[in-house]
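Have a look at work37.cif below; it lists mmCIF, C-alpha atoms.
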data_final
loop_
_atom_site.label_atom_id
_atom_site.label_comp_id
_atom_site.auth_asym_id
_atom_site.auth_seq_id
_atom_site.Cartn_x
_atom_site.Cartn_y
_atom_site.Cartn_z
CA MET J 299 121.44 112.93 160.10
CA THR J 300 124.93 111.95 158.99
CA HIS J 301 126.51 109.47 161.32
CA ALA J 302 130.14 109.10 160.23
CA ILE J 303 131.80 105.82 161.14
CA THR J 304 134.99 104.05 160.12
CA LEU J 305 134.87 100.43 159.02
CA GLN J 306 137.99 98.28 158.75
CA PRO J 307 138.05 95.34 156.30
CA LEU J 308 137.53 93.11 159.33
CA ASP J 309 134.34 95.01 160.18
CA TRP J 310 132.95 94.39 156.69
CA LEU J 311 133.76 90.72 157.11
CA HIS J 312 132.09 90.79 160.49
CA LEU J 313 128.96 92.31 158.93
CA PHE J 314 128.88 89.60 156.26
CA LEU J 315 129.47 86.83 158.81
CA TYR J 316 126.76 88.21 161.07
CA TYR J 317 124.19 87.92 158.28
CA LEU J 318 125.48 84.47 157.33
CA SER J 319 125.03 83.41 160.95
CA ILE J 320 121.43 84.61 161.32
CA SER J 321 120.27 83.48 157.86
CA LEU J 322 119.18 80.04 159.04
CA LEU J 323 117.49 81.52 162.11
CA ALA J 324 115.04 83.54 160.05
CA VAL J 325 112.19 81.05 160.40
CA GLY J 326 108.93 82.86 159.73
CA GLY J 327 110.42 85.68 157.71
CA ALA J 328 113.41 87.95 157.93
CA ILE J 329 111.44 90.60 159.82
CA ALA J 330 111.37 88.27 162.85
CA THR J 331 115.14 88.73 163.10
CA ALA J 332 114.85 92.55 163.06
CA PRO J 333 115.21 92.91 166.84
CA ASP J 334 118.47 90.96 166.71
CA MET J 335 119.75 93.13 163.84
CA HIS J 336 118.89 96.18 165.92
CA ARG J 337 120.90 94.73 168.80
CA PHE J 338 123.88 94.08 166.51
CA LEU J 339 123.87 97.16 164.24
CA VAL J 340 122.57 99.90 166.55
CA ASP J 341 123.13 98.85 170.17
CA ARG J 342 126.36 96.93 169.96
CA ASN J 343 128.34 98.39 167.04
CA ALA J 344 126.63 101.78 166.59
CA TRP J 345 127.01 101.45 162.80
CA LEU J 346 123.48 102.78 162.33
CA THR J 347 121.27 105.28 164.12
CA ASP J 348 117.81 104.32 165.36
CA MET J 349 116.36 106.60 162.72
CA GLN J 350 118.27 104.94 159.87
CA PHE J 351 117.29 101.51 161.14
CA ASN J 352 113.61 102.41 161.11
CA ALA J 353 113.86 104.27 157.82
CA SER J 354 115.30 101.14 156.19
CA ILE J 355 112.30 99.09 157.29
CA ALA J 356 109.78 101.79 156.41
CA ILE J 357 111.27 102.31 152.93
CA ALA J 358 111.27 98.55 152.25
CA GLN J 359 107.61 98.38 153.33
CA ALA J 360 106.69 101.34 151.15
CA ALA J 361 108.59 100.13 148.07
CA PRO J 362 107.31 97.16 146.06
CA GLY J 363 108.89 93.73 146.44
CA PRO J 364 109.74 91.32 149.24
CA ASN J 365 110.21 92.96 152.63
CA VAL J 366 113.56 91.18 153.01
CA LEU J 367 115.01 94.06 150.98
CA PHE J 368 115.11 96.07 154.20
CA ILE J 369 118.28 94.10 154.92
CA ALA J 370 119.87 95.46 151.73
CA LEU J 371 118.88 98.95 152.87
CA LEU J 372 120.42 98.40 156.30
CA GLY J 373 123.68 97.46 154.55
CA TRP J 374 123.31 100.44 152.22
CA HIS J 375 123.00 102.82 155.18
CA VAL J 376 125.96 101.25 156.98
CA GLY J 377 127.99 101.80 153.78
CA LEU J 378 126.84 105.41 153.48
CA ASN J 379 127.87 106.06 157.07
CA ALA J 380 131.31 104.57 156.39
CA GLY J 381 131.88 106.19 152.98
CA GLY J 382 130.56 109.69 153.59
CA PRO J 383 128.96 111.84 150.90
CA GLY J 384 129.50 111.42 147.16
CA ALA J 385 130.52 108.53 144.97
CA ILE J 386 132.56 106.77 147.66
CA GLY J 387 129.51 106.65 149.90
CA TRP J 388 127.46 105.15 147.08
CA ALA J 389 130.13 102.55 146.35
CA TYR J 390 130.35 101.61 150.02
CA GLY J 391 126.58 101.58 150.20
CA LEU J 392 126.37 99.09 147.34
CA LEU J 393 129.08 97.00 149.00
CA GLY J 394 127.14 97.00 152.25
CA ALA J 395 123.87 96.11 150.52
CA ALA J 396 125.56 93.29 148.57
CA LEU J 397 127.30 91.83 151.64
CA CYS J 398 124.14 91.86 153.75
CA MET J 399 121.94 90.36 151.02
CA LEU J 400 124.49 87.68 150.09
CA GLY J 401 124.94 86.82 153.76
CA ILE J 402 121.23 86.54 154.53
CA MET J 403 120.36 84.73 151.28
CA LEU J 404 123.19 82.27 150.71
CA PRO J 405 122.60 79.75 153.52
CA SER J 406 118.81 79.84 153.53
CA ALA J 407 118.47 79.74 149.73
CA THR J 408 120.89 76.80 149.48
CA LEU J 409 119.10 74.91 152.24
CA THR J 410 115.71 75.60 150.68
CA TRP J 411 116.91 74.41 147.31
CA LEU J 412 118.35 71.20 148.76
CA ALA J 413 115.39 70.45 151.00
CA THR J 414 112.54 71.34 148.65
CA ARG J 415 111.91 67.95 147.10
CA TRP J 416 112.62 66.05 150.30
CA ALA J 417 110.13 68.14 152.27
CA HIS J 418 107.59 67.95 149.48
CA ARG J 419 107.57 64.16 149.68
CA ASN J 420 107.75 63.96 153.48
CA ARG J 421 105.23 66.61 154.41
CA GLU J 422 103.16 64.07 156.37
CA ARG J 423 106.10 63.00 158.53
CA ARG J 424 105.76 63.56 162.26
CA ALA J 425 109.11 65.36 162.61
CA VAL J 426 108.36 67.76 159.76
CA ARG J 427 104.98 68.63 161.20
CA ALA J 428 106.37 68.96 164.72
CA PHE J 429 109.01 71.44 163.54
CA LYS J 430 106.57 73.47 161.49
CA GLN J 431 103.87 73.62 164.15
CA GLY J 432 106.20 73.83 167.13
CA MET J 433 107.82 76.98 165.78
CA ALA J 434 104.45 78.69 165.22
CA PRO J 435 103.92 80.21 168.70
CA LEU J 436 107.54 81.35 168.78
CA VAL J 437 107.11 83.12 165.45
CA ILE J 438 104.05 84.97 166.80
CA GLY J 439 106.07 86.07 169.84
CA LEU J 440 108.89 87.29 167.59
CA LEU J 441 106.48 89.31 165.43
CA MET J 442 104.98 91.01 168.47
CA ALA J 443 108.47 91.72 169.80
CA ALA J 444 109.46 93.24 166.45
CA THR J 445 106.45 95.56 166.70
CA TRP J 446 107.50 96.62 170.18
CA VAL J 447 111.17 97.19 169.32
CA LEU J 448 110.31 99.20 166.17
CA GLY J 449 107.66 101.22 167.99
CA ARG J 450 109.94 101.98 170.90
CA ALA J 451 112.63 103.28 168.55
CA GLN J 452 110.12 105.92 167.39
CA GLY J 453 109.09 107.01 170.86
CA GLN J 454 108.10 105.86 174.35
CA PRO J 455 104.49 104.76 174.93
CA THR J 456 104.18 107.20 177.85
CA THR J 457 105.36 110.31 176.02
CA ASP J 458 104.38 109.59 172.40
CA GLY J 459 100.79 108.49 172.87
CA PRO J 460 99.49 109.44 169.39
CA LEU J 461 102.35 107.56 167.72
CA TRP J 462 101.59 104.36 169.59
CA LEU J 463 97.91 104.86 168.91
CA LEU J 464 98.77 104.95 165.20
CA THR J 465 100.78 101.73 165.55
CA ALA J 466 97.86 100.05 167.35
CA ALA J 467 95.38 101.31 164.75
CA ALA J 468 97.52 99.95 161.91
CA ALA J 469 97.79 96.56 163.66
CA LEU J 470 94.01 96.49 164.15
CA LEU J 471 93.34 97.37 160.49
CA VAL J 472 95.70 94.67 159.21
CA TRP J 473 94.16 92.16 161.56
CA ARG J 474 90.50 92.93 160.92
CA THR J 475 90.25 94.39 157.40
CA ARG J 476 91.57 93.77 153.90
CA LEU J 477 92.52 97.40 153.41
CA HIS J 478 95.59 97.70 151.16
CA LEU J 479 98.75 98.22 153.22
CA LEU J 480 99.78 101.12 151.02
CA TRP J 481 96.82 103.22 152.19
CA MET J 482 97.90 102.76 155.80
CA LEU J 483 101.52 103.67 155.09
CA GLY J 484 100.31 106.72 153.15
CA ALA J 485 98.04 107.77 156.00
CA GLY J 486 100.94 107.39 158.45
CA ALA J 487 103.18 109.53 156.24
CA LEU J 488 100.47 112.20 155.95
CA LEU J 489 99.86 112.30 159.71
CA GLY J 490 103.63 112.59 160.19
CA VAL J 491 103.96 115.46 157.70
CA LEU J 492 101.11 117.29 159.40
CA GLY J 493 102.88 116.80 162.72
CA TRP J 494 99.95 115.03 164.36
CA VAL J 495 101.98 112.06 165.56
CA MET X 158 113.64 67.71 138.34
CA ALA X 159 110.03 67.89 137.20
CA SER X 160 109.90 64.21 136.23
CA ASP X 161 110.29 62.85 139.78
CA LEU X 162 107.29 64.76 141.11
CA PRO X 163 103.81 63.26 141.09
CA LEU X 164 101.96 64.84 138.21
CA PRO X 165 98.22 65.34 138.72
CA ASP X 166 95.75 64.92 135.87
CA SER X 167 95.58 68.65 135.43
CA ALA X 168 99.24 68.60 134.45
CA GLN X 169 98.35 68.08 130.80
CA THR X 170 96.16 71.16 130.70
CA ALA X 171 98.12 73.26 133.20
CA ALA X 172 100.25 76.00 131.76
CA ARG X 173 103.99 76.12 132.35
CA PRO X 174 106.57 78.86 132.14
CA ARG X 175 108.09 78.76 128.65
CA ASN X 176 111.72 79.20 129.72
CA PRO X 177 113.82 80.68 132.57
CA ALA X 178 113.44 84.15 131.03
CA ASP X 179 109.66 83.78 131.30
CA LEU X 180 110.13 82.84 134.97
CA PHE X 181 112.36 85.87 135.54
CA TRP X 182 109.92 88.39 134.07
CA SER X 183 106.88 86.77 135.68
CA PHE X 184 108.45 86.99 139.12
CA THR X 185 109.68 90.53 138.43
CA TRP X 186 106.15 91.55 137.52
CA LEU X 187 104.53 90.05 140.58
CA ALA X 188 107.21 91.37 142.94
CA LEU X 189 106.63 94.89 141.59
CA GLN X 190 102.92 94.59 142.39
CA GLY X 191 103.57 93.61 145.99
CA PHE X 192 103.61 96.58 148.31
CA GLY X 193 104.13 95.54 151.92
CA GLY X 194 104.03 91.81 151.14
CA VAL X 195 104.01 89.68 148.02
CA VAL X 196 102.20 86.48 149.08
CA ALA X 197 98.70 87.45 148.02
CA VAL X 198 100.03 88.62 144.65
CA VAL X 199 101.88 85.32 144.13
CA GLN X 200 98.68 83.33 144.64
CA ARG X 201 96.64 85.56 142.32
CA GLU X 202 99.23 85.64 139.52
CA LEU X 203 100.56 82.07 139.52
CA VAL X 204 97.39 80.17 140.41
CA GLU X 205 94.53 82.25 139.06
CA LYS X 206 96.04 84.10 136.12
CA LYS X 207 98.91 81.99 134.78
CA ARG X 208 97.61 78.60 136.06
CA TRP X 209 101.13 77.29 136.64
CA MET X 210 99.86 75.52 139.75
CA THR X 211 96.61 74.64 141.51
CA ASN X 212 95.50 76.13 144.81
CA GLU X 213 96.33 72.82 146.53
CA GLU X 214 99.86 72.79 145.12
CA PHE X 215 100.28 76.41 146.15
CA LEU X 216 99.23 75.61 149.73
CA GLU X 217 101.66 72.70 149.99
CA ASP X 218 104.53 74.73 148.61
CA TRP X 219 103.68 77.63 150.86
CA ALA X 220 103.77 75.36 153.93
CA VAL X 221 107.26 74.15 153.01
CA ALA X 222 108.39 77.71 152.22
CA GLN X 223 107.34 78.67 155.73
CA VAL X 224 109.08 75.75 157.36
CA MET X 225 112.37 76.66 155.75
CA PRO X 226 114.40 79.53 157.17
CA GLY X 227 114.62 82.61 155.01
CA PRO X 228 112.01 84.91 153.53
CA ASN X 229 108.90 82.87 152.63
CA VAL X 230 108.24 84.49 149.28
CA VAL X 231 111.88 84.15 148.25
CA ASN X 232 111.84 80.47 149.27
CA LEU X 233 108.68 79.96 147.25
CA SER X 234 110.25 81.50 144.14
CA ILE X 235 113.26 79.16 144.49
CA MET X 236 110.97 76.13 144.84
CA ILE X 237 108.79 76.98 141.85
CA GLY X 238 111.76 77.90 139.68
CA ASP X 239 113.53 74.65 140.57
CA ARG X 240 110.45 72.58 139.79
CA HIS X 241 110.35 73.82 136.20
CA PHE X 242 113.96 74.37 135.15
CA GLY X 243 116.16 73.03 137.95
CA LEU X 244 118.94 75.22 139.30
CA ARG X 245 118.69 77.62 136.34
CA GLY X 246 115.00 78.11 137.04
CA ALA X 247 115.62 78.68 140.75
CA PHE X 248 118.17 81.39 139.94
CA ALA X 249 115.89 82.98 137.34
CA ALA X 250 112.93 83.17 139.71
CA LEU X 251 115.08 84.40 142.60
CA ALA X 252 116.71 87.08 140.44
CA GLY X 253 113.29 88.17 139.18
CA MET X 254 112.00 88.47 142.72
CA LEU X 255 114.94 90.61 143.90
CA SER X 256 116.66 92.60 141.09
CA PHE X 257 114.20 95.32 140.09
CA PRO X 258 112.66 95.72 143.55
CA LEU X 259 116.17 96.16 144.99
CA ALA X 260 117.00 98.86 142.43
CA ILE X 261 113.74 100.66 143.27
CA ALA X 262 114.31 100.40 147.02
CA LEU X 263 117.81 101.90 146.64
CA ALA X 264 116.40 104.72 144.49
CA VAL X 265 113.81 105.47 147.18
CA ALA X 266 116.56 105.42 149.81
CA LEU X 267 118.56 107.94 147.74
CA VAL X 268 115.58 110.27 147.47
CA TYR X 269 115.10 109.87 151.19
CA ALA X 270 118.73 110.80 151.85
CA GLN X 271 118.34 114.06 149.85
CA TRP X 272 115.41 115.12 151.99
CA ALA X 273 116.29 113.43 155.29
CA SER X 274 116.88 116.69 157.18
CA HIS X 275 113.61 118.23 155.97
CA PRO X 276 111.10 118.22 158.86
CA ALA X 277 108.28 117.01 156.61
CA MET X 278 110.38 114.00 155.53
CA ALA X 279 111.34 113.25 159.12
CA GLY X 280 107.66 113.47 160.08
CA ALA X 281 106.54 111.28 157.19
CA LEU X 282 109.03 108.56 158.06
CA ARG X 283 108.11 108.81 161.73
CA GLY X 284 104.48 108.21 160.83
CA MET X 285 105.32 105.47 158.33
CA GLY X 286 107.64 103.80 160.84
CA ALA X 287 104.84 103.68 163.42
CA VAL X 288 102.48 102.19 160.82
CA ALA X 289 105.12 99.69 159.65
CA ALA X 290 105.52 98.51 163.25
CA GLY X 291 101.74 98.10 163.46
CA LEU X 292 101.59 96.12 160.19
CA ILE X 293 103.89 93.50 161.66
CA GLY X 294 101.85 93.33 164.87
CA GLY X 295 98.64 92.98 162.86
CA MET X 296 100.17 90.15 160.86
CA GLY X 297 101.11 88.48 164.17
CA LEU X 298 97.54 88.82 165.46
CA LYS X 299 96.17 87.40 162.22
CA LEU X 300 98.49 84.39 162.37
CA ALA X 301 97.77 83.88 166.07
CA ALA X 302 94.27 82.70 165.12
CA ALA X 303 95.90 79.57 163.69
CA LEU X 304 97.18 78.67 167.19
CA ARG X 305 93.63 77.86 168.35
CA THR X 306 93.89 74.44 166.72
CA HIS X 307 97.55 73.96 167.70
CA PRO X 308 98.38 70.56 169.25
CA LEU X 309 99.82 72.26 172.34
CA GLY X 310 96.58 74.12 173.09
CA PRO X 311 96.04 77.89 173.19
CA TRP X 312 97.39 78.51 176.72
CA LEU X 313 100.72 76.80 176.24
CA CYS X 314 101.06 78.55 172.89
CA ALA X 315 100.35 81.91 174.50
CA ALA X 316 102.95 81.12 177.19
CA ILE X 317 105.60 80.28 174.54
CA ALA X 318 104.79 83.41 172.54
CA GLY X 319 104.87 85.50 175.74
CA LEU X 320 108.16 84.00 176.83
CA THR X 321 109.64 84.79 173.41
CA PHE X 322 108.34 88.36 173.60
CA VAL X 323 109.82 88.93 177.08
CA GLY X 324 113.09 87.29 176.04
CA VAL X 325 113.51 89.70 173.12
CA VAL X 326 112.08 92.91 174.57
CA TRP X 327 113.30 92.90 178.18
CA LEU X 328 115.96 90.24 178.57
CA ARG X 329 117.46 90.95 175.10
CA VAL X 330 118.42 87.34 174.57
CA PRO X 331 120.13 86.75 171.20
CA LEU X 332 117.85 85.07 168.69
CA TYR X 333 119.75 81.80 168.36
CA GLY X 334 119.49 81.23 172.11
CA LEU X 335 115.73 81.71 172.00
CA LEU X 336 115.28 79.48 168.96
CA LEU X 337 117.45 76.78 170.45
CA VAL X 338 115.95 76.72 173.94
CA VAL X 339 112.34 77.92 173.58
CA GLY X 340 111.93 76.76 169.97
CA GLY X 341 113.57 73.41 170.67
CA ALA X 342 111.35 72.79 173.68
CA ALA X 343 108.24 73.79 171.71
CA CYS X 344 109.15 71.41 168.86
CA VAL X 345 109.78 68.50 171.22
CA LEU X 346 106.50 69.13 173.05
CA THR X 347 104.63 69.33 169.75
CA TRP X 348 106.29 66.16 168.50
CA ARG X 349 105.09 64.29 171.60
CA LYS X 350 101.53 65.56 171.11
CA LEU X 351 101.32 64.57 167.44
CA ALA X 352 100.12 61.06 166.81
CA PRO X 353 102.94 58.86 165.47
#
Could you render the structure as structure tokens?
Amino acid sequence: MTHAITLQPLDWLHLFLYYLSISLLAVGGAIATAPDMHRFLVDRNAWLTDMQFNASIAIAQAAPGPNVLFIALLGWHVGLNAGGPGAIGWAYGLLGAALCMLGIMLPSATLTWLATRWAHRNRERRAVRAFKQGMAPLVIGLLMAATWVLGRAQGQPTTDGPLWLLTAAAALLVWRTRLHLLWMLGAGALLGVLGWV
Amino acid sequence: MASDLPLPDSAQTAARPRNPADLFWSFTWLALQGFGGVVAVVQRELVEKKRWMTNEEFLEDWAVAQVMPGPNVVNLSIMIGDRHFGLRGAFAALAGMLSFPLAIALAVALVYAQWASHPAMAGALRGMGAVAAGLIGGMGLKLAAALRTHPLGPWLCAAIAGLTFVGVVWLRVPLYGLLLVVGGAACVLTWRKLAP
């Protein structure tokens, strides 16, 4: 499980700058940028394992609060990998969580704050509507891609049939019913403990 | 601040947060109720229970929160906080939305780390990970229904969504490239379709 890595000060800066750079791209929710984070953290830099990446998202979904907290958990796990066990790992974990959250929040929160009143008054403007509606199909595509990337990290469709069936069932339930999400996550955990998926 | 916004008649009767501390605790409370998404809780608490805003105001704010980059619910908390107490209010609402949930998420992550090598924990997270992936897909399917009335028409929308999917999954194009090229084209096309 442990995945020891070494991070130089420049790497920490790089992590912070990465989140600064994608903050304004997170149109339609931070989860839409998850595939890009996977590319950066797991594929390119190998700061996180696939399992840690998915665990961060699953824990954020299972815990109360906005799902954007999965980004803090990604930073936390990067810090743990760099700091090793014990208090140093915790300190690095907090540093990682703080850097990632600050990076992802600072630009978008500032922009939102500045643009709130302007957009409120100009909501009928053609350009505002064109931006909002034009991005809609792209956001749908990004959400489906996030499903695929997260599912693939758990297992291949050809070899892990039951797991993908579970993913499809969850998607169907969210789409068609008002069942509380917590029941579905609980059912998934139970099926996993029993070794059925 | 609040004075330059149009105030509907209901403004006299509508309740308001008493101070930034009230905002902080209100947003903390509703964030802690939101498992796997906070939006529905925001509407129920702020519109139906506290009556800080009407359903119409909520819808307008929600639309803007979605237009802006960043997490929708977080954007919404900044907007509502700013409306009542300016920058202080925005910070109070934002801090309420994030502080306690972050502490809880880190605590859960710590518990997870203690048990990570246990096969039952690995299995549970495997199952939860598969479900979490499905939740996002289901949300996408739900939102896709809104594309039926999109100015570009369902087929062009499906093509844009498909192109985005292929770009991420197989071509592994970085996000900013996709947003710039595919998103830019989609916005321009939509702009041309919308009546001036």
Please expand the PyMOL selection byres ((chain J and resi 440) around 9) into the concrete residues it hits in this file, giving the result as number ranges by chain. J: 329-331, 333, 435-439, 441-445; X: 297, 318, 321-322, 325
Residue selection dump (C-alpha atoms) as an mmCIF file, keeping the file's coordinate frame:
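Okay, result.cif is ready:
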data_model
loop_
_atom_site.group_PDB
_atom_site.id
_atom_site.type_symbol
_atom_site.label_atom_id
_atom_site.label_comp_id
_atom_site.auth_asym_id
_atom_site.auth_seq_id
_atom_site.Cartn_x
_atom_site.Cartn_y
_atom_site.Cartn_z
ATOM 1 C CA ILE J 329 111.440 90.600 159.820
ATOM 2 C CA ALA J 330 111.370 88.270 162.850
ATOM 3 C CA THR J 331 115.140 88.730 163.100
ATOM 4 C CA PRO J 333 115.210 92.910 166.840
ATOM 5 C CA PRO J 435 103.920 80.210 168.700
ATOM 6 C CA LEU J 436 107.540 81.350 168.780
ATOM 7 C CA VAL J 437 107.110 83.120 165.450
ATOM 8 C CA ILE J 438 104.050 84.970 166.800
ATOM 9 C CA GLY J 439 106.070 86.070 169.840
ATOM 10 C CA LEU J 441 106.480 89.310 165.430
ATOM 11 C CA MET J 442 104.980 91.010 168.470
ATOM 12 C CA ALA J 443 108.470 91.720 169.800
ATOM 13 C CA ALA J 444 109.460 93.240 166.450
ATOM 14 C CA THR J 445 106.450 95.560 166.700
ATOM 15 C CA GLY X 297 101.110 88.480 164.170
ATOM 16 C CA ALA X 318 104.790 83.410 172.540
ATOM 17 C CA THR X 321 109.640 84.790 173.410
ATOM 18 C CA PHE X 322 108.340 88.360 173.600
ATOM 19 C CA VAL X 325 113.510 89.700 173.120
#
Between atom CA of Arg423 of chain J and atom CA of Ile317 of chain X lies a distance of 23.6 Å
Please enumerate the residues selected by the PyMOL selection byres ((chain J and resi 338-344) around 9) when evaluated against the supplied file, formatted as a VMD selection string. chain J and resid 303 313 316 333 to 337 345 to 348 351 372 376
Might you spell out which residues the PyMOL selection byres ((chain X and resi 228) around 8) would select in the displayed file, as a list in words? Ala324, Val325, Gly326, Gly327, Ala328 and Val366 of chain J; Pro226, Gly227, Asn229, Val230, Val231 and Asn232 of chain X
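Distance-wise, atom CA of Asp309 of chain J and atom CA of Ser354 of chain J end up 20.4 Å apart.
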Please measure the separation of atom CA of Val491 of chain J and atom CA of Leu470 of chain J, giving the value in Å to one decimal.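 It comes out at 22.4 Å.
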Near Ser406 of chain J, within 8 Å and counting all atoms listed in the file, which residues show up once chain neighbours fewer than 4 positions away are dropped, as a PyMOL selection string? (chain J and resi 321-322+402+410) or (chain X and resi 225-227)
What are the centre and edge lengths in Å, to one decimal, of the axis-aligned box around all listed atoms of segment 479-484 of chain J with 3 Å added on each side, as JSON?
{"center_x": 99.2, "center_y": 102.5, "center_z": 153.4, "size_x": 10.7, "size_y": 14.5, "size_z": 10.8}
May I have the residues within 12 Å of Pro276 of chain X as an MDAnalysis selection string, using only C-alpha atoms and disregarding those fewer than 6 positions away in the same chain? (chainID J and resid 299 490:493) or (chainID X and resid 282:283)
Looking at only C-alpha atoms, which of X:Trp186, X:Tyr269, X:Trp219, X:Tyr333 is the one that sits closest to Ala360 of chain J?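 Using only C-alpha atoms, the shortest distance to Ala360 of chain J belongs to X:Tyr269.
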Scan for residues within 12 Å of the point (103.8, 64.8, 173.0) in the coordinates of the file, using only C-alpha atoms, and reply as a list in words.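 Using only C-alpha atoms, the matching residues come out as Arg424, Ala425, Ala428 and Gly432 of chain J; Pro308, Leu309, Gly310, Ala342, Ala343, Cys344, Val345, Leu346, Thr347, Trp348, Arg349, Lys350, Leu351, Ala352 and Pro353 of chain X.
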Just write the chosen residues, C-alpha atoms, as a PDB file, in the coordinates of the input.
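The result, written out as out04.pdb:
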ATOM      1  CA  ARG J 424     105.760  63.560 162.260  1.00  0.00           C
ATOM      2  CA  ALA J 425     109.110  65.360 162.610  1.00  0.00           C
ATOM      3  CA  ALA J 428     106.370  68.960 164.720  1.00  0.00           C
ATOM      4  CA  GLY J 432     106.200  73.830 167.130  1.00  0.00           C
TER       5      GLY J 432
ATOM      6  CA  PRO X 308      98.380  70.560 169.250  1.00  0.00           C
ATOM      7  CA  LEU X 309      99.820  72.260 172.340  1.00  0.00           C
ATOM      8  CA  GLY X 310      96.580  74.120 173.090  1.00  0.00           C
ATOM      9  CA  ALA X 342     111.350  72.790 173.680  1.00  0.00           C
ATOM     10  CA  ALA X 343     108.240  73.790 171.710  1.00  0.00           C
ATOM     11  CA  CYS X 344     109.150  71.410 168.860  1.00  0.00           C
ATOM     12  CA  VAL X 345     109.780  68.500 171.220  1.00  0.00           C
ATOM     13  CA  LEU X 346     106.500  69.130 173.050  1.00  0.00           C
ATOM     14  CA  THR X 347     104.630  69.330 169.750  1.00  0.00           C
ATOM     15  CA  TRP X 348     106.290  66.160 168.500  1.00  0.00           C
ATOM     16  CA  ARG X 349     105.090  64.290 171.600  1.00  0.00           C
ATOM     17  CA  LYS X 350     101.530  65.560 171.110  1.00  0.00           C
ATOM     18  CA  LEU X 351     101.320  64.570 167.440  1.00  0.00           C
ATOM     19  CA  ALA X 352     100.120  61.060 166.810  1.00  0.00           C
ATOM     20  CA  PRO X 353     102.940  58.860 165.470  1.00  0.00           C
TER      21      PRO X 353
END
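When only C-alpha atoms are used to compute distances to His478 of chain J, the closest of the residues X:Ser183, X:Gln190, X:Asn212, X:Gln200 turns out to be X:Gln190.
Closest approach to chain J among X:Ala316, X:Met210, X:Ala290, X:Val323: X:Ala290, based on all atoms listed in the file.
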Quick one: everything within 10 Å of Leu371 of chain J, counting only C-alpha atoms, minus sequence neighbours fewer than 5 positions away in the same chain. Send it as a PyMOL selection string. (chain J and resi 350-351+353-355+357-358+366+376-377+391-392+394-396+398-399) or (chain X and resi 259+262-263+266)
Determine the nearest neighbour of Lys299 of chain X from the options J:Leu471, J:Asn352, J:Leu488, J:Trp481, counting only C-alpha atoms. J:Leu471
